[in-house]
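Engineer: Here you go, one structure.
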Amino acid sequence: MECLRYENSVWSKMGSEIKVEVIHKETIIPSSPTPPHLESLSLSVFDQLQPEFYVPLLLFYPNNSNEINIDHHSLAAERSSLLKTSLSKTLTHFYPFAGKFEYNVSISCNDHGAAFLHAHVNCSISTVLEKPDHEVLKQLLPADIASTQEVAGHLLLVQANFFECGGMSIGVNISHKVGDAFTFSKFINSWAAVSFGSSASDHIVVPAVEFGVVASLCPPLDFFNSRQPIVEFAKEKLVTERFVFEASKIDALKSKAASSTVPNPTRVEVVSALIWKCATEASRSNSGSVRPSVWCQVVNMRKRSGQPLTENSLGNFVWYFASMTMESEVDLQSLVVKFRKGIEEFKEKYPNGVSPQDVCQTIQESGNLMTKDGIDNYSCSSWCRFPFYEANFGWGKPSWVSIRTMAAKNTIQLTDTRDGKGIEVSLALKEEDMAIIDRNEELLAYASLNPAAI
């Protein structure tokens, strides 16, 4: 264990200085060595295509104890110890997370371990939740989203943050090279199950995990084995905002977006359509021209591969479909129709899943589209229905789950609200586009801009 003390300080929007002090950092290795026959995990072509950055997740747990004289320091030490012990047990099943990334070929499952940081925050948890601040939330995560393994040192990093009130948050960063949202949710809930059951029994049942299945069906391509030239993106000032759509507002939005073609739109369809509409209008207003607009939606392929064995496969198994609008006037109903048409065409085109050859063809086609000037491209990933709010480590379920989109232009992340019926949107746009979005009356009629998360 590495004993250290360093702190990050940031001023919240509430005007108070919030300090996050890391007390110590250590490496957690699997409780049982990884067997020799599992020491190398080949990447699939879908793993190869994922950018090397860290997916962030924050789980917030208020102090629900009614005890007045509780020793918060002892409570933090007890919970930190439980998290480390259960993490070690869980890594035995999720052994690639404790390995090392061998550039775009494989994961060396060598029990290198995961990083665990214990941190103290000099305020109550309510201070953070009353007005979530992007800069404050970043301090509760163990690594920068844009880090690589060479910088972060591990594929999985955890930071347990303990607040003065006895509440806590668990910040997790996982390399996108080892898993997508489905895999992330399986890991978090398996870890929580081990932690929750540790005090009662050593015989913890962890859901069966399936690594390597996708690589056997969609093996890696040699073209992606060598390091590719770094793509230089235009330097633009971006702003990330959080919008929350409550269930009642989504119901009203569904009524507005329904049409004879799509009489029963989903909540993801109507929220995505409204965000796309407002973003397109903002971009066109700032550019002074009617620009074509493309929306790329990530699709979980596990139940779309035609292979029953992929339904619980771990790693990365996502692809996408794209919808485009070139009309001078964009309306909600027509965009919902485009979404529905996009997914239906996707199902028809890939009835038995996506092959490596399909991947190459799609990359070539989309590359031609993405590099054209005068086109706005938006990329959306939905984490809705993944059960992050079920993660009970032994002190209740989280009151708030926060995910933040990477600070890349025109990226959108969707996740459930606590009741599972609303949607939170993390949206990253150019500063000038966001300035218009923030004042969009149609959007604000259905969504709240960064409300309290209490």
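Just so we're on the same page: first chain in the structure tokens is A, next is B, and so on; residues restart at 1 for each chain, and ligands are numbered from 1 in the order they show up.
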For Glu442 (chain A), find every residue with an atom within 10 Å (counting only C-alpha atoms), except residues of its own chain fewer than 5 positions away, and show them as a compact mmCIF listing (two decimals) with C-alpha atoms, in the first residue's frame.
Structural biologist:
# COMPACT_ATOMS: atom_id res chain seq x y z
CA LEU A 274 -35.54 16.62 -29.16
CA LYS A 277 -33.56 18.95 -33.15
CA CYS A 278 -32.29 21.61 -30.74
CA ILE A 437 -29.33 25.26 -26.35
CA ALA A 447 -36.05 19.16 -19.40
Engineer: Tell me which protein, DNA and RNA residues are within 10 Å of Ser88 (chain A), counting only C-alpha atoms, leaving out same-chain ones fewer than 2 positions away, and put them as a PyMOL selection string.
Structural biologist: chain A and resi 27-32+82-86+90-95+98+113-114+191+194
Engineer: With N, CA, C and O atoms kept, could you save the residues just selected as a PDB file, in the first residue's frame?
Structural biologist:
ATOM      1  N   THR A  27      -2.734  -1.153  -4.784  1.00  0.00           N
ATOM      2  CA  THR A  27      -3.114  -2.024  -5.893  1.00  0.00           C
ATOM      3  C   THR A  27      -3.830  -3.245  -5.349  1.00  0.00           C
ATOM      4  O   THR A  27      -3.336  -3.906  -4.428  1.00  0.00           O
ATOM      5  N   ILE A  28      -4.992  -3.537  -5.904  1.00  0.00           N
ATOM      6  CA  ILE A  28      -5.790  -4.690  -5.509  1.00  0.00           C
ATOM      7  C   ILE A  28      -5.639  -5.768  -6.579  1.00  0.00           C
ATOM      8  O   ILE A  28      -5.913  -5.523  -7.756  1.00  0.00           O
ATOM      9  N   ILE A  29      -5.195  -6.937  -6.179  1.00  0.00           N
ATOM     10  CA  ILE A  29      -5.037  -8.035  -7.137  1.00  0.00           C
ATOM     11  C   ILE A  29      -6.124  -9.083  -6.898  1.00  0.00           C
ATOM     12  O   ILE A  29      -6.730  -9.118  -5.823  1.00  0.00           O
ATOM     13  N   PRO A  30      -6.410  -9.925  -7.880  1.00  0.00           N
ATOM     14  CA  PRO A  30      -7.432 -10.957  -7.692  1.00  0.00           C
ATOM     15  C   PRO A  30      -7.101 -11.853  -6.502  1.00  0.00           C
ATOM     16  O   PRO A  30      -5.932 -12.160  -6.245  1.00  0.00           O
ATOM     17  N   SER A  31      -8.137 -12.270  -5.776  1.00  0.00           N
ATOM     18  CA  SER A  31      -7.923 -13.100  -4.585  1.00  0.00           C
ATOM     19  C   SER A  31      -7.379 -14.474  -4.937  1.00  0.00           C
ATOM     20  O   SER A  31      -6.737 -15.128  -4.111  1.00  0.00           O
ATOM     21  N   SER A  32      -7.620 -14.927  -6.158  1.00  0.00           N
ATOM     22  CA  SER A  32      -7.069 -16.191  -6.647  1.00  0.00           C
ATOM     23  C   SER A  32      -6.335 -15.928  -7.953  1.00  0.00           C
ATOM     24  O   SER A  32      -6.831 -15.174  -8.804  1.00  0.00           O
ATOM     25  N   LEU A  82     -13.977  -3.233   3.266  1.00  0.00           N
ATOM     26  CA  LEU A  82     -14.945  -4.134   2.639  1.00  0.00           C
ATOM     27  C   LEU A  82     -14.894  -4.016   1.120  1.00  0.00           C
ATOM     28  O   LEU A  82     -14.937  -5.020   0.398  1.00  0.00           O
ATOM     29  N   LEU A  83     -14.781  -2.789   0.622  1.00  0.00           N
ATOM     30  CA  LEU A  83     -14.714  -2.576  -0.825  1.00  0.00           C
ATOM     31  C   LEU A  83     -13.467  -3.234  -1.414  1.00  0.00           C
ATOM     32  O   LEU A  83     -13.521  -3.848  -2.482  1.00  0.00           O
ATOM     33  N   LYS A  84     -12.349  -3.117  -0.719  1.00  0.00           N
ATOM     34  CA  LYS A  84     -11.100  -3.698  -1.224  1.00  0.00           C
ATOM     35  C   LYS A  84     -11.147  -5.224  -1.217  1.00  0.00           C
ATOM     36  O   LYS A  84     -10.735  -5.870  -2.193  1.00  0.00           O
ATOM     37  N   THR A  85     -11.653  -5.790  -0.133  1.00  0.00           N
ATOM     38  CA  THR A  85     -11.738  -7.250  -0.042  1.00  0.00           C
ATOM     39  C   THR A  85     -12.666  -7.823  -1.107  1.00  0.00           C
ATOM     40  O   THR A  85     -12.340  -8.800  -1.800  1.00  0.00           O
ATOM     41  N   SER A  86     -13.827  -7.190  -1.268  1.00  0.00           N
ATOM     42  CA  SER A  86     -14.795  -7.673  -2.254  1.00  0.00           C
ATOM     43  C   SER A  86     -14.319  -7.423  -3.681  1.00  0.00           C
ATOM     44  O   SER A  86     -14.592  -8.215  -4.595  1.00  0.00           O
ATOM     45  N   THR A  90     -13.935 -10.160  -6.634  1.00  0.00           N
ATOM     46  CA  THR A  90     -14.633  -9.963  -7.908  1.00  0.00           C
ATOM     47  C   THR A  90     -13.669 -10.012  -9.082  1.00  0.00           C
ATOM     48  O   THR A  90     -14.007 -10.517 -10.160  1.00  0.00           O
ATOM     49  N   LEU A  91     -12.448  -9.514  -8.893  1.00  0.00           N
ATOM     50  CA  LEU A  91     -11.462  -9.521  -9.969  1.00  0.00           C
ATOM     51  C   LEU A  91     -11.067 -10.935 -10.379  1.00  0.00           C
ATOM     52  O   LEU A  91     -10.582 -11.143 -11.492  1.00  0.00           O
ATOM     53  N   THR A  92     -11.279 -11.909  -9.508  1.00  0.00           N
ATOM     54  CA  THR A  92     -11.014 -13.301  -9.877  1.00  0.00           C
ATOM     55  C   THR A  92     -11.910 -13.718 -11.043  1.00  0.00           C
ATOM     56  O   THR A  92     -11.503 -14.482 -11.921  1.00  0.00           O
ATOM     57  N   HIS A  93     -13.127 -13.189 -11.052  1.00  0.00           N
ATOM     58  CA  HIS A  93     -14.080 -13.502 -12.125  1.00  0.00           C
ATOM     59  C   HIS A  93     -13.913 -12.559 -13.319  1.00  0.00           C
ATOM     60  O   HIS A  93     -14.096 -12.966 -14.464  1.00  0.00           O
ATOM     61  N   PHE A  94     -13.566 -11.293 -13.042  1.00  0.00           N
ATOM     62  CA  PHE A  94     -13.369 -10.298 -14.104  1.00  0.00           C
ATOM     63  C   PHE A  94     -11.863 -10.064 -14.286  1.00  0.00           C
ATOM     64  O   PHE A  94     -11.374  -8.933 -14.236  1.00  0.00           O
ATOM     65  N   TYR A  95     -11.153 -11.156 -14.497  1.00  0.00           N
ATOM     66  CA  TYR A  95      -9.689 -11.148 -14.506  1.00  0.00           C
ATOM     67  C   TYR A  95      -9.052 -10.221 -15.551  1.00  0.00           C
ATOM     68  O   TYR A  95      -7.971  -9.669 -15.294  1.00  0.00           O
ATOM     69  N   ALA A  98      -7.901  -6.780 -14.334  1.00  0.00           N
ATOM     70  CA  ALA A  98      -6.673  -6.683 -13.543  1.00  0.00           C
ATOM     71  C   ALA A  98      -5.444  -6.935 -14.404  1.00  0.00           C
ATOM     72  O   ALA A  98      -4.347  -7.145 -13.889  1.00  0.00           O
ATOM     73  N   GLY A 113      -3.405  -6.081 -11.445  1.00  0.00           N
ATOM     74  CA  GLY A 113      -4.229  -5.484 -10.405  1.00  0.00           C
ATOM     75  C   GLY A 113      -4.966  -4.230 -10.829  1.00  0.00           C
ATOM     76  O   GLY A 113      -4.800  -3.715 -11.941  1.00  0.00           O
ATOM     77  N   ALA A 114      -5.812  -3.757  -9.928  1.00  0.00           N
ATOM     78  CA  ALA A 114      -6.570  -2.519 -10.125  1.00  0.00           C
ATOM     79  C   ALA A 114      -6.145  -1.515  -9.062  1.00  0.00           C
ATOM     80  O   ALA A 114      -5.747  -1.890  -7.950  1.00  0.00           O
ATOM     81  N   TRP A 191     -19.651  -6.931  -8.227  1.00  0.00           N
ATOM     82  CA  TRP A 191     -18.839  -6.437  -7.112  1.00  0.00           C
ATOM     83  C   TRP A 191     -19.735  -6.088  -5.924  1.00  0.00           C
ATOM     84  O   TRP A 191     -19.449  -6.443  -4.781  1.00  0.00           O
ATOM     85  N   VAL A 194     -20.959  -9.241  -4.151  1.00  0.00           N
ATOM     86  CA  VAL A 194     -19.911  -9.827  -3.314  1.00  0.00           C
ATOM     87  C   VAL A 194     -19.759  -9.016  -2.031  1.00  0.00           C
ATOM     88  O   VAL A 194     -19.684  -9.569  -0.925  1.00  0.00           O
TER      89      VAL A 194
END
Engineer: Just list as JSON, numbers by chain whatever in region 238-277 of chain A DSSP marks as alpha helix (DSSP H).
Structural biologist: {"A": [247, 248, 249, 250, 251, 252, 253, 254, 255, 256, 257, 267, 268, 269, 270, 271, 272, 273, 274, 275, 276, 277]}
Engineer: Suppose we keep C-alpha atoms; can you now write the selection as a short mmCIF file (atom, residue, chain, number, x, y, z; two decimals), in the first residue's frame?
Structural biologist:
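So again30.cif came out as:
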data_model
loop_
_atom_site.label_atom_id
_atom_site.label_comp_id
_atom_site.auth_asym_id
_atom_site.auth_seq_id
_atom_site.Cartn_x
_atom_site.Cartn_y
_atom_site.Cartn_z
CA ALA A 247 -41.12 10.74 -16.46
CA SER A 248 -44.17 13.04 -16.71
CA LYS A 249 -42.36 15.31 -19.15
CA ILE A 250 -41.31 12.34 -21.26
CA ASP A 251 -44.94 11.19 -21.43
CA ALA A 252 -45.92 14.64 -22.72
CA LEU A 253 -43.05 14.54 -25.20
CA LYS A 254 -44.18 11.13 -26.44
CA SER A 255 -47.66 12.52 -27.14
CA LYS A 256 -46.16 15.37 -29.12
CA ALA A 257 -43.78 13.13 -31.08
CA ARG A 267 -38.51 7.45 -24.29
CA VAL A 268 -35.02 7.16 -25.80
CA GLU A 269 -36.39 8.00 -29.25
CA VAL A 270 -38.26 11.14 -28.14
CA VAL A 271 -35.49 12.48 -25.91
CA SER A 272 -32.87 11.84 -28.59
CA ALA A 273 -35.07 13.46 -31.23
CA LEU A 274 -35.54 16.62 -29.16
CA ILE A 275 -31.82 16.91 -28.40
CA TRP A 276 -30.98 16.35 -32.08
CA LYS A 277 -33.56 18.95 -33.15
#
Engineer: Quick one: residues within 6 Å of region 118-132 of chain A, only C-alpha atoms counted, chain neighbours fewer than 3 positions away excluded, as a list in words?
Structural biologist: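 So the residues in contact are Lys19, Val20, Glu21, Val22, Ile23, His24, Gln159, Ala160, Asn161, Phe162, Phe163, Glu164, Cys165, Gly167, Ala452, Ala453 and Ile454 of chain A.
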Engineer: Name all residues at most 9 Å from Ser259 (chain A) (count only C-alpha atoms; drop same-chain ones fewer than 5 positions away) and give them as a PDB file with N, CA, C and O atoms, in the first residue's frame.
Structural biologist:
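Listed below is the output, part.pdb:
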ATOM      1  N   ASN A 264     -46.255   4.868 -31.088  1.00  0.00           N
ATOM      2  CA  ASN A 264     -45.800   4.659 -29.711  1.00  0.00           C
ATOM      3  C   ASN A 264     -44.274   4.775 -29.625  1.00  0.00           C
ATOM      4  O   ASN A 264     -43.567   3.776 -29.450  1.00  0.00           O
ATOM      5  N   PRO A 265     -43.742   5.991 -29.734  1.00  0.00           N
ATOM      6  CA  PRO A 265     -42.285   6.158 -29.652  1.00  0.00           C
ATOM      7  C   PRO A 265     -41.760   5.824 -28.255  1.00  0.00           C
ATOM      8  O   PRO A 265     -42.483   5.955 -27.260  1.00  0.00           O
ATOM      9  N   GLN A 333     -41.585  14.929 -34.873  1.00  0.00           N
ATOM     10  CA  GLN A 333     -42.166  13.705 -35.415  1.00  0.00           C
ATOM     11  C   GLN A 333     -41.304  13.097 -36.516  1.00  0.00           C
ATOM     12  O   GLN A 333     -41.091  11.876 -36.553  1.00  0.00           O
ATOM     13  N   SER A 334     -40.824  13.919 -37.419  1.00  0.00           N
ATOM     14  CA  SER A 334     -40.028  13.392 -38.533  1.00  0.00           C
ATOM     15  C   SER A 334     -38.704  12.795 -38.042  1.00  0.00           C
ATOM     16  O   SER A 334     -38.224  11.790 -38.593  1.00  0.00           O
ATOM     17  N   VAL A 336     -38.190  11.381 -35.067  1.00  0.00           N
ATOM     18  CA  VAL A 336     -38.525  10.093 -34.452  1.00  0.00           C
ATOM     19  C   VAL A 336     -38.720   9.031 -35.529  1.00  0.00           C
ATOM     20  O   VAL A 336     -38.264   7.883 -35.379  1.00  0.00           O
ATOM     21  N   VAL A 337     -39.374   9.392 -36.621  1.00  0.00           N
ATOM     22  CA  VAL A 337     -39.563   8.460 -37.735  1.00  0.00           C
ATOM     23  C   VAL A 337     -38.208   8.026 -38.297  1.00  0.00           C
ATOM     24  O   VAL A 337     -38.000   6.850 -38.615  1.00  0.00           O
TER      25      VAL A 337
END
Engineer: Could you pull out the strand (DSSP E or B) residues of region 147-371 of chain A from DSSP and send them as a PyMOL selection string?
Structural biologist: chain A and resi 156-163+168-175+210+238-245+293-300+313+318-325
Engineer: So, with only C-alpha atoms as the atoms that count, which of A:Val330, A:Ala258, A:Ile18, A:Ile403 lies closest to Leu57 (chain A)?
Structural biologist: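 Using only C-alpha atoms, the shortest distance to Leu57 (chain A) belongs to A:Ile403.
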Engineer: Which residues, written as a list of chain:residue names, have at least one atom at most 8 Å from Cys109 (chain A), with only C-alpha atoms counted and residues fewer than 4 positions away on the same chain left out?
Structural biologist: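 Near neighbours after the sequence-gap exclusion: A:Thr34, A:Leu38, A:Glu39, A:Ser40, A:Leu41, A:Tyr95, A:Pro96, A:Phe97, A:Ala98, A:Gly99, A:Lys100.
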Engineer: Between CA of Pro451 (chain A) and CA of Phe184 (chain A), what is the distance, to one decimal in Å?
Structural biologist: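 CA of Pro451 (chain A) sits 26.1 Å away from CA of Phe184 (chain A).
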Engineer: May I ask for the distance between CA of Ser216 (chain A) and CA of Ser44 (chain A), given in Å to one decimal place?
Structural biologist: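 Straight-line distance from CA of Ser216 (chain A) to CA of Ser44 (chain A) works out to 7.6 Å.
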Engineer: List as an MDAnalysis selection string the protein and nucleic acid residues near region 419-425 of chain A, meaning an atom at most 6 Å away when only C-alpha atoms are counted, but skip any in the same chain fewer than 6 places from it.
Structural biologist: chainID A and resid 242:247 413
Engineer: Restrict the selected residues to all heavy atoms and save them as a PDB file, in the first residue's frame.
Structural biologist:
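Contents of out.pdb, freshly written:
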ATOM      1  N   ARG A 242     -25.779  19.078 -18.281  1.00  0.00           N
ATOM      2  CA  ARG A 242     -26.641  17.965 -17.849  1.00  0.00           C
ATOM      3  C   ARG A 242     -28.096  18.414 -17.906  1.00  0.00           C
ATOM      4  O   ARG A 242     -28.461  19.422 -17.295  1.00  0.00           O
ATOM      5  CB  ARG A 242     -26.240  17.554 -16.433  1.00  0.00           C
ATOM      6  CG  ARG A 242     -27.223  16.652 -15.697  1.00  0.00           C
ATOM      7  CD  ARG A 242     -26.693  16.297 -14.312  1.00  0.00           C
ATOM      8  NE  ARG A 242     -27.691  15.656 -13.481  1.00  0.00           N
ATOM      9  CZ  ARG A 242     -28.391  16.263 -12.535  1.00  0.00           C
ATOM     10  NH1 ARG A 242     -28.194  17.553 -12.272  1.00  0.00           N
ATOM     11  NH2 ARG A 242     -29.283  15.591 -11.827  1.00  0.00           N
ATOM     12  N   PHE A 243     -28.909  17.672 -18.634  1.00  0.00           N
ATOM     13  CA  PHE A 243     -30.341  17.934 -18.716  1.00  0.00           C
ATOM     14  C   PHE A 243     -31.085  16.713 -18.179  1.00  0.00           C
ATOM     15  O   PHE A 243     -30.709  15.573 -18.465  1.00  0.00           O
ATOM     16  CB  PHE A 243     -30.776  18.195 -20.166  1.00  0.00           C
ATOM     17  CG  PHE A 243     -30.215  19.458 -20.756  1.00  0.00           C
ATOM     18  CD1 PHE A 243     -28.999  19.445 -21.435  1.00  0.00           C
ATOM     19  CD2 PHE A 243     -30.891  20.658 -20.633  1.00  0.00           C
ATOM     20  CE1 PHE A 243     -28.472  20.601 -21.982  1.00  0.00           C
ATOM     21  CE2 PHE A 243     -30.371  21.829 -21.178  1.00  0.00           C
ATOM     22  CZ  PHE A 243     -29.164  21.799 -21.853  1.00  0.00           C
ATOM     23  N   VAL A 244     -32.137  16.961 -17.397  1.00  0.00           N
ATOM     24  CA  VAL A 244     -32.894  15.868 -16.800  1.00  0.00           C
ATOM     25  C   VAL A 244     -34.351  15.929 -17.268  1.00  0.00           C
ATOM     26  O   VAL A 244     -35.018  16.959 -17.115  1.00  0.00           O
ATOM     27  CB  VAL A 244     -32.840  15.914 -15.263  1.00  0.00           C
ATOM     28  CG1 VAL A 244     -33.683  14.783 -14.665  1.00  0.00           C
ATOM     29  CG2 VAL A 244     -31.398  15.799 -14.771  1.00  0.00           C
ATOM     30  N   PHE A 245     -34.814  14.823 -17.853  1.00  0.00           N
ATOM     31  CA  PHE A 245     -36.195  14.687 -18.303  1.00  0.00           C
ATOM     32  C   PHE A 245     -36.930  13.792 -17.309  1.00  0.00           C
ATOM     33  O   PHE A 245     -36.629  12.596 -17.206  1.00  0.00           O
ATOM     34  CB  PHE A 245     -36.254  14.038 -19.689  1.00  0.00           C
ATOM     35  CG  PHE A 245     -35.712  14.870 -20.811  1.00  0.00           C
ATOM     36  CD1 PHE A 245     -34.339  15.017 -20.993  1.00  0.00           C
ATOM     37  CD2 PHE A 245     -36.568  15.492 -21.716  1.00  0.00           C
ATOM     38  CE1 PHE A 245     -33.832  15.766 -22.041  1.00  0.00           C
ATOM     39  CE2 PHE A 245     -36.076  16.237 -22.774  1.00  0.00           C
ATOM     40  CZ  PHE A 245     -34.707  16.387 -22.936  1.00  0.00           C
ATOM     41  N   GLU A 246     -37.859  14.347 -16.559  1.00  0.00           N
ATOM     42  CA  GLU A 246     -38.651  13.535 -15.639  1.00  0.00           C
ATOM     43  C   GLU A 246     -39.695  12.721 -16.419  1.00  0.00           C
ATOM     44  O   GLU A 246     -40.049  13.047 -17.559  1.00  0.00           O
ATOM     45  CB  GLU A 246     -39.351  14.427 -14.608  1.00  0.00           C
ATOM     46  CG  GLU A 246     -38.388  15.216 -13.718  1.00  0.00           C
ATOM     47  CD  GLU A 246     -37.537  14.333 -12.828  1.00  0.00           C
ATOM     48  OE1 GLU A 246     -37.894  13.148 -12.653  1.00  0.00           O
ATOM     49  OE2 GLU A 246     -36.510  14.813 -12.309  1.00  0.00           O
ATOM     50  N   ALA A 247     -40.203  11.670 -15.781  1.00  0.00           N
ATOM     51  CA  ALA A 247     -41.116  10.739 -16.456  1.00  0.00           C
ATOM     52  C   ALA A 247     -42.348  11.432 -17.019  1.00  0.00           C
ATOM     53  O   ALA A 247     -42.773  11.155 -18.155  1.00  0.00           O
ATOM     54  CB  ALA A 247     -41.528   9.628 -15.490  1.00  0.00           C
ATOM     55  N   GLN A 413     -24.738  11.366 -23.998  1.00  0.00           N
ATOM     56  CA  GLN A 413     -24.837  10.175 -23.165  1.00  0.00           C
ATOM     57  C   GLN A 413     -26.183  10.194 -22.455  1.00  0.00           C
ATOM     58  O   GLN A 413     -26.549  11.186 -21.831  1.00  0.00           O
ATOM     59  CB  GLN A 413     -23.712  10.165 -22.140  1.00  0.00           C
ATOM     60  CG  GLN A 413     -23.516   8.850 -21.431  1.00  0.00           C
ATOM     61  CD  GLN A 413     -22.474   7.983 -22.100  1.00  0.00           C
ATOM     62  OE1 GLN A 413     -21.474   8.468 -22.596  1.00  0.00           O
ATOM     63  NE2 GLN A 413     -22.718   6.685 -22.126  1.00  0.00           N
TER      64      GLN A 413
END
Engineer: Between A:Lys409, A:His154, A:Tyr320, A:Asn377, which is the closest to Ile363 (chain A) once you count only C-alpha atoms?
Structural biologist: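 Comparing A:Lys409, A:His154, A:Tyr320, A:Asn377 against Ile363 (chain A), the winner is A:Tyr320.
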Engineer: What does the distance between CA of Trp319 (chain A) and CA of Val298 (chain A) come to in Å, to one decimal place?
Structural biologist: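 These atoms are spaced 5.7 Å apart.
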